[in-house]
Amino acid sequence: MEKSFEELDYCETPLGELILRRRKIPMLDNEVVHEIILNGEFLMSSLFHVVEEALADLGLAAVEAPEGELLDVVVSGLGLGYTALAALKNPKVGSLSVIDYLEPVIRWHQSGMVPLGAGLSADPRTRYVEGDFFALAANPQIGFHAEAPGARFHAILLDIDHTPQHWLNPRHAAFYTVEGLMTLRQHLYPGGVFALWSDESPDEEFCSRLREVFARVEATVVSFPNPIRGGESTGTVYVAVSGR
């Protein structure tokens with residue numbers, strides 16, 4: 001019989017205490033959910049993944065690439081794998097580089113400890129990269145592919161910080177400036193896309209910064225049912241398209 005609550009893994013990381021747990025929710029007919037918690041703060045729950053999947057769907061739909069060209073895509077962070085797997089469902093995706101700073105998160109997927117891990121890891125298009133996305137983004141000469149320094153991508157899909165103003169680490173702040181975004185754009189092909197997940201409503205100040213760097217910018221509010229609080233909750237997906 002499956003336990004009502006189980007801590008699947010506990011790790012001390014450079015960012016603090018990281019926990020993967022699985023539990024049943026009685027108010028939802030004992031639905032089983034997986035949760036990632038960092039320093040007592042929820043990073044992700046398998047109960048809520050609509051916006052994470054929309055990040056891939058909206059971001060890839062906006063890519064301006066020649067007809068028939070396969071897309072090289074970056075996803076960071078990995079979490080429970082919903083954005084990465086949604087990207088792989090797009091037949092136009094030829095390669096997927098999945099970046100995560102925390103080695104245990106990659107290990108959970110490679111070992112099949114999380115529900116989407118086996119399918120994601122088995123896909124030959126998937127390449128895991130253990131690394132600091134923000135440090136890699138700040139260095140276009142090296143970039144996101146160690147075997148191909150300076151390689152460019154059709155889409156970079158980012159889900160790490162809570163919002164452009166609410167970061168997991170203060171050192172991420174520089175990425176969201178005009179200068180940081182201009183550096184990120186160097187990783188993209190012409191017509192490539194930077195898409196960002198956010199846990200709050202669109203931030204007009206951040207949209208203005210994006211418009212200084214990218215040719216086209218949209219902030220889409222994505223709604224999803226919230227069975228815990230009742231009613232609906234929302235998140236935002238920012239999509240910024242590089243000029244040609």
# chains A, B, ... in the order shown; residues from 1 in each chain; ligands from 1
call {"tool": "residues_around", "arguments": {"residues": "range 26-33 of chain A", "least_positions_apart": "3", "cutoff": "10 Å", "atoms": "only C-alpha atoms", "output": "JSON list (two decimals) with N, CA and C atoms, in the first residue's frame"}}
result
[["chain", "number", "residue", "atom", "x", "y", "z"],
["A", 2, "GLU", "N", 0.53, 2.21, -0.84],
["A", 2, "GLU", "CA", 1.31, 3.43, -0.93],
["A", 2, "GLU", "C", 1.13, 4.27, 0.33],
["A", 3, "LYS", "N", 2.23, 4.81, 0.83],
["A", 3, "LYS", "CA", 2.19, 5.59, 2.05],
["A", 3, "LYS", "C", 1.47, 6.92, 1.82],
["A", 4, "SER", "N", 0.87, 7.45, 2.88],
["A", 4, "SER", "CA", 0.19, 8.74, 2.78],
["A", 4, "SER", "C", 1.18, 9.89, 2.66],
["A", 5, "PHE", "N", 2.38, 9.69, 3.22],
["A", 5, "PHE", "CA", 3.42, 10.73, 3.16],
["A", 5, "PHE", "C", 4.77, 10.03, 3.15],
["A", 21, "ARG", "N", 9.35, 15.12, -1.89],
["A", 21, "ARG", "CA", 8.42, 14.30, -1.13],
["A", 21, "ARG", "C", 7.20, 13.94, -1.97],
["A", 22, "ARG", "N", 6.56, 12.89, -1.53],
["A", 22, "ARG", "CA", 5.33, 12.41, -2.17],
["A", 22, "ARG", "C", 4.28, 12.25, -1.09],
["A", 23, "ARG", "N", 3.08, 12.77, -1.35],
["A", 23, "ARG", "CA", 2.03, 12.65, -0.35],
["A", 23, "ARG", "C", 0.66, 12.55, -0.99],
["A", 45, "SER", "N", 5.00, 21.74, -7.38],
["A", 45, "SER", "CA", 4.11, 20.64, -7.03],
["A", 45, "SER", "C", 3.52, 20.07, -8.31],
["A", 46, "SER", "N", 3.40, 18.75, -8.36],
["A", 46, "SER", "CA", 2.80, 18.13, -9.54],
["A", 46, "SER", "C", 1.31, 18.43, -9.65],
["A", 47, "LEU", "N", 0.75, 19.04, -8.61],
["A", 47, "LEU", "CA", -0.65, 19.43, -8.65],
["A", 47, "LEU", "C", -0.88, 20.62, -9.57],
["A", 48, "PHE", "N", 0.16, 21.44, -9.75],
["A", 48, "PHE", "CA", 0.04, 22.66, -10.55],
["A", 48, "PHE", "C", 1.14, 22.67, -11.62],
["A", 115, "PRO", "N", 7.85, 11.19, -11.52],
["A", 115, "PRO", "CA", 7.01, 10.53, -12.53],
["A", 115, "PRO", "C", 7.41, 10.77, -13.98],
["A", 227, "PRO", "N", -7.55, 23.53, -6.74],
["A", 227, "PRO", "CA", -8.45, 22.75, -5.88],
["A", 227, "PRO", "C", -8.17, 22.91, -4.40],
["A", 228, "ILE", "N", -7.02, 23.46, -4.04],
["A", 228, "ILE", "CA", -6.70, 23.66, -2.62],
["A", 228, "ILE", "C", -7.40, 24.92, -2.10]]
call {"tool": "closest_atom_pairs", "arguments": {"of": "range 85-182 of chain A", "to": "range 186-199 of chain A", "cutoff": "6 Å", "atoms": "only C-alpha atoms", "output": "Markdown table"}}
result
| residue | atom | partner | partner_atom | distance |
| --- | --- | --- | --- | --- |
| A:Pro140 | CA | A:His187 | CA | 6.0 |
| A:Arg152 | CA | A:His187 | CA | 4.8 |
| A:Phe153 | CA | A:Leu188 | CA | 4.9 |
| A:His154 | CA | A:Gly192 | CA | 4.5 |
| A:Ala155 | CA | A:Val193 | CA | 4.6 |
| A:Ile156 | CA | A:Phe194 | CA | 4.9 |
| A:Leu157 | CA | A:Ala195 | CA | 4.9 |
| A:Leu158 | CA | A:Leu196 | CA | 4.9 |
| A:Asp159 | CA | A:Trp197 | CA | 5.1 |
| A:His162 | CA | A:Asp199 | CA | 5.6 |
| A:Thr163 | CA | A:Ser198 | CA | 4.6 |
call {"tool": "residues_around", "arguments": {"residues": "Ser208 in chain A", "least_positions_apart": "3", "cutoff": "12 Å", "atoms": "only C-alpha atoms", "output": "list in words"}}
result
Tyr176, Thr177, Val178, Leu181, Pro202, Asp203, Glu204, Glu205, Arg211, Glu212, Val213, Phe214, Ala215, Arg216, Val217, Glu218, Ala219, Tyr238 and Ala240 of chain A
call {"tool": "write_last_selection", "arguments": {"atoms": "N, CA and C atoms", "output": "PDB file, in the first residue's frame"}}
result
ATOM      1  N   TYR A 176      17.947  40.246 -15.168  1.00  0.00           N
ATOM      2  CA  TYR A 176      16.675  40.854 -15.565  1.00  0.00           C
ATOM      3  C   TYR A 176      16.810  42.327 -15.946  1.00  0.00           C
ATOM      4  N   THR A 177      18.025  42.835 -15.958  1.00  0.00           N
ATOM      5  CA  THR A 177      18.255  44.205 -16.402  1.00  0.00           C
ATOM      6  C   THR A 177      18.338  44.238 -17.931  1.00  0.00           C
ATOM      7  N   VAL A 178      18.288  45.429 -18.500  1.00  0.00           N
ATOM      8  CA  VAL A 178      18.430  45.559 -19.951  1.00  0.00           C
ATOM      9  C   VAL A 178      19.767  44.971 -20.405  1.00  0.00           C
ATOM     10  N   LEU A 181      19.612  41.145 -20.318  1.00  0.00           N
ATOM     11  CA  LEU A 181      18.777  40.621 -21.394  1.00  0.00           C
ATOM     12  C   LEU A 181      19.461  40.759 -22.750  1.00  0.00           C
ATOM     13  N   PRO A 202       1.430  40.192 -14.968  1.00  0.00           N
ATOM     14  CA  PRO A 202       2.468  40.834 -15.785  1.00  0.00           C
ATOM     15  C   PRO A 202       3.047  42.075 -15.116  1.00  0.00           C
ATOM     16  N   ASP A 203       4.355  42.206 -15.216  1.00  0.00           N
ATOM     17  CA  ASP A 203       5.101  43.321 -14.645  1.00  0.00           C
ATOM     18  C   ASP A 203       5.429  44.272 -15.789  1.00  0.00           C
ATOM     19  N   GLU A 204       4.777  45.422 -15.811  1.00  0.00           N
ATOM     20  CA  GLU A 204       4.949  46.353 -16.931  1.00  0.00           C
ATOM     21  C   GLU A 204       6.371  46.914 -17.001  1.00  0.00           C
ATOM     22  N   GLU A 205       6.984  47.089 -15.856  1.00  0.00           N
ATOM     23  CA  GLU A 205       8.367  47.573 -15.860  1.00  0.00           C
ATOM     24  C   GLU A 205       9.287  46.561 -16.544  1.00  0.00           C
ATOM     25  N   ARG A 211      11.185  45.084 -24.101  1.00  0.00           N
ATOM     26  CA  ARG A 211      10.953  45.778 -25.376  1.00  0.00           C
ATOM     27  C   ARG A 211      12.174  46.579 -25.826  1.00  0.00           C
ATOM     28  N   GLU A 212      13.038  46.932 -24.883  1.00  0.00           N
ATOM     29  CA  GLU A 212      14.273  47.613 -25.264  1.00  0.00           C
ATOM     30  C   GLU A 212      15.253  46.669 -25.959  1.00  0.00           C
ATOM     31  N   VAL A 213      15.050  45.370 -25.763  1.00  0.00           N
ATOM     32  CA  VAL A 213      16.012  44.379 -26.239  1.00  0.00           C
ATOM     33  C   VAL A 213      15.462  43.530 -27.382  1.00  0.00           C
ATOM     34  N   PHE A 214      14.171  43.208 -27.322  1.00  0.00           N
ATOM     35  CA  PHE A 214      13.569  42.273 -28.269  1.00  0.00           C
ATOM     36  C   PHE A 214      12.584  42.981 -29.196  1.00  0.00           C
ATOM     37  N   ALA A 215      12.382  42.385 -30.368  1.00  0.00           N
ATOM     38  CA  ALA A 215      11.544  43.002 -31.397  1.00  0.00           C
ATOM     39  C   ALA A 215      10.053  42.893 -31.059  1.00  0.00           C
ATOM     40  N   ARG A 216       9.670  41.830 -30.401  1.00  0.00           N
ATOM     41  CA  ARG A 216       8.244  41.636 -30.089  1.00  0.00           C
ATOM     42  C   ARG A 216       8.127  41.015 -28.710  1.00  0.00           C
ATOM     43  N   VAL A 217       7.230  41.537 -27.883  1.00  0.00           N
ATOM     44  CA  VAL A 217       7.074  41.067 -26.506  1.00  0.00           C
ATOM     45  C   VAL A 217       5.598  40.886 -26.188  1.00  0.00           C
ATOM     46  N   GLU A 218       5.258  39.760 -25.573  1.00  0.00           N
ATOM     47  CA  GLU A 218       3.894  39.517 -25.095  1.00  0.00           C
ATOM     48  C   GLU A 218       3.961  38.924 -23.695  1.00  0.00           C
ATOM     49  N   ALA A 219       3.027  39.335 -22.849  1.00  0.00           N
ATOM     50  CA  ALA A 219       2.888  38.759 -21.513  1.00  0.00           C
ATOM     51  C   ALA A 219       1.491  38.157 -21.423  1.00  0.00           C
ATOM     52  N   TYR A 238       5.972  35.275 -20.139  1.00  0.00           N
ATOM     53  CA  TYR A 238       6.524  36.337 -20.994  1.00  0.00           C
ATOM     54  C   TYR A 238       7.163  35.676 -22.207  1.00  0.00           C
ATOM     55  N   ALA A 240       9.410  36.807 -25.583  1.00  0.00           N
ATOM     56  CA  ALA A 240      10.137  37.884 -26.256  1.00  0.00           C
ATOM     57  C   ALA A 240      10.854  37.303 -27.468  1.00  0.00           C
TER      58      ALA A 240
END
call {"tool": "closest_residue", "arguments": {"among": "A:Ile37, A:Ile142, A:Phe134, A:Gly150", "to": "Trp167 in chain A", "atoms": "only C-alpha atoms"}}
result
A:Phe134
call {"tool": "atom_distance", "arguments": {"atom1": "CA of Met44 in chain A", "atom2": "CA of Tyr10 in chain A"}}
result
15.4 Å
call {"tool": "closest_residue", "arguments": {"among": "A:Leu120, A:Leu136, A:Ala173, A:Val222", "to": "Thr236 in chain A", "atoms": "only C-alpha atoms"}}
result
A:Val222
call {"tool": "closest_residue", "arguments": {"among": "A:Ala54, A:Leu20, A:Val93, A:Gly143", "to": "Glu69 in chain A", "atoms": "only C-alpha atoms"}}
result
A:Val93
call {"tool": "select_by_dssp", "arguments": {"residues": "range 140-224 of chain A", "states": "helix (DSSP H, G or I)", "output": "list of chain:residue names"}}
result
A:Pro170, A:Arg171, A:His172, A:Ala173, A:Ala174, A:Phe175, A:Tyr176, A:Val178, A:Glu179, A:Gly180, A:Leu181, A:Met182, A:Thr183, A:Leu184, A:Arg185, A:Glu204, A:Glu205, A:Phe206, A:Cys207, A:Ser208, A:Arg209, A:Leu210, A:Arg211, A:Glu212, A:Val213
call {"tool": "residues_around", "arguments": {"residues": "Ala118 in chain A", "least_positions_apart": "2", "cutoff": "12 Å", "atoms": "only C-alpha atoms", "output": "list in words"}}
result
Leu80, Gly81, Leu85, Ile106, Arg107, Trp108, His109, Gln110, Ser111, Gly112, Met113, Val114, Pro115, Leu116, Leu120, Ser121, Ala122, Asp123, Pro124 and Thr126 of chain A
call {"tool": "atom_distance", "arguments": {"atom1": "CA of Leu70 in chain A", "atom2": "CA of Leu88 in chain A"}}
result
11.8 Å
call {"tool": "select_by_dssp", "arguments": {"residues": "range 77-209 of chain A", "states": "strand (DSSP E or B)", "output": "number ranges by chain"}}
result
A: 93-100, 126-130, 153-158, 163, 166, 188-198
call {"tool": "write_last_selection", "arguments": {"atoms": "C-alpha atoms", "output": "mmCIF file, in the first residue's frame"}}
result
data_model
loop_
_atom_site.group_PDB
_atom_site.id
_atom_site.type_symbol
_atom_site.label_atom_id
_atom_site.label_comp_id
_atom_site.auth_asym_id
_atom_site.auth_seq_id
_atom_site.Cartn_x
_atom_site.Cartn_y
_atom_site.Cartn_z
ATOM 1 C CA VAL A 93 12.224 20.228 -31.407
ATOM 2 C CA GLY A 94 15.476 18.606 -32.506
ATOM 3 C CA SER A 95 17.516 19.012 -29.309
ATOM 4 C CA LEU A 96 16.753 19.926 -25.713
ATOM 5 C CA SER A 97 19.398 21.125 -23.267
ATOM 6 C CA VAL A 98 17.992 20.951 -19.734
ATOM 7 C CA ILE A 99 19.963 23.038 -17.246
ATOM 8 C CA ASP A 100 19.707 22.788 -13.484
ATOM 9 C CA THR A 126 17.506 15.358 -24.074
ATOM 10 C CA ARG A 127 20.855 16.528 -22.699
ATOM 11 C CA TYR A 128 21.172 17.357 -19.006
ATOM 12 C CA VAL A 129 23.516 20.147 -17.953
ATOM 13 C CA GLU A 130 24.421 20.582 -14.285
ATOM 14 C CA PHE A 153 19.430 28.330 -29.819
ATOM 15 C CA HIS A 154 15.957 28.877 -31.203
ATOM 16 C CA ALA A 155 14.339 29.119 -27.761
ATOM 17 C CA ILE A 156 15.392 29.612 -24.148
ATOM 18 C CA LEU A 157 12.635 28.738 -21.669
ATOM 19 C CA LEU A 158 13.290 29.865 -18.093
ATOM 20 C CA THR A 163 9.030 36.547 -10.700
ATOM 21 C CA HIS A 166 11.374 38.013 -6.664
ATOM 22 C CA LEU A 188 19.556 33.184 -29.734
ATOM 23 C CA TYR A 189 19.293 32.771 -33.464
ATOM 24 C CA PRO A 190 17.576 35.629 -35.315
ATOM 25 C CA GLY A 191 13.869 35.102 -34.720
ATOM 26 C CA GLY A 192 14.646 33.117 -31.574
ATOM 27 C CA VAL A 193 12.584 33.335 -28.393
ATOM 28 C CA PHE A 194 13.217 33.974 -24.729
ATOM 29 C CA ALA A 195 10.224 32.863 -22.638
ATOM 30 C CA LEU A 196 9.881 33.249 -18.876
ATOM 31 C CA TRP A 197 7.544 31.764 -16.254
ATOM 32 C CA SER A 198 6.318 34.036 -13.463
#
call {"tool": "closest_residue", "arguments": {"among": "A:Asn90, A:Thr13, A:Phe42, A:Gly77", "to": "Leu60 in chain A", "atoms": "only C-alpha atoms"}}
result
A:Asn90
call {"tool": "closest_residue", "arguments": {"among": "A:Ala151, A:Val50, A:Val241, A:Ile160", "to": "Phe224 in chain A", "atoms": "only C-alpha atoms"}}
result
A:Val50
call {"tool": "closest_residue", "arguments": {"among": "A:Asn169, A:Gly79, A:Glu41, A:Ala87", "to": "Gly117 in chain A", "atoms": "only C-alpha atoms"}}
result
A:Gly79
call {"tool": "atom_distance", "arguments": {"atom1": "CA of Glu52 in chain A", "atom2": "CA of Gly16 in chain A"}}
result
23.6 Å
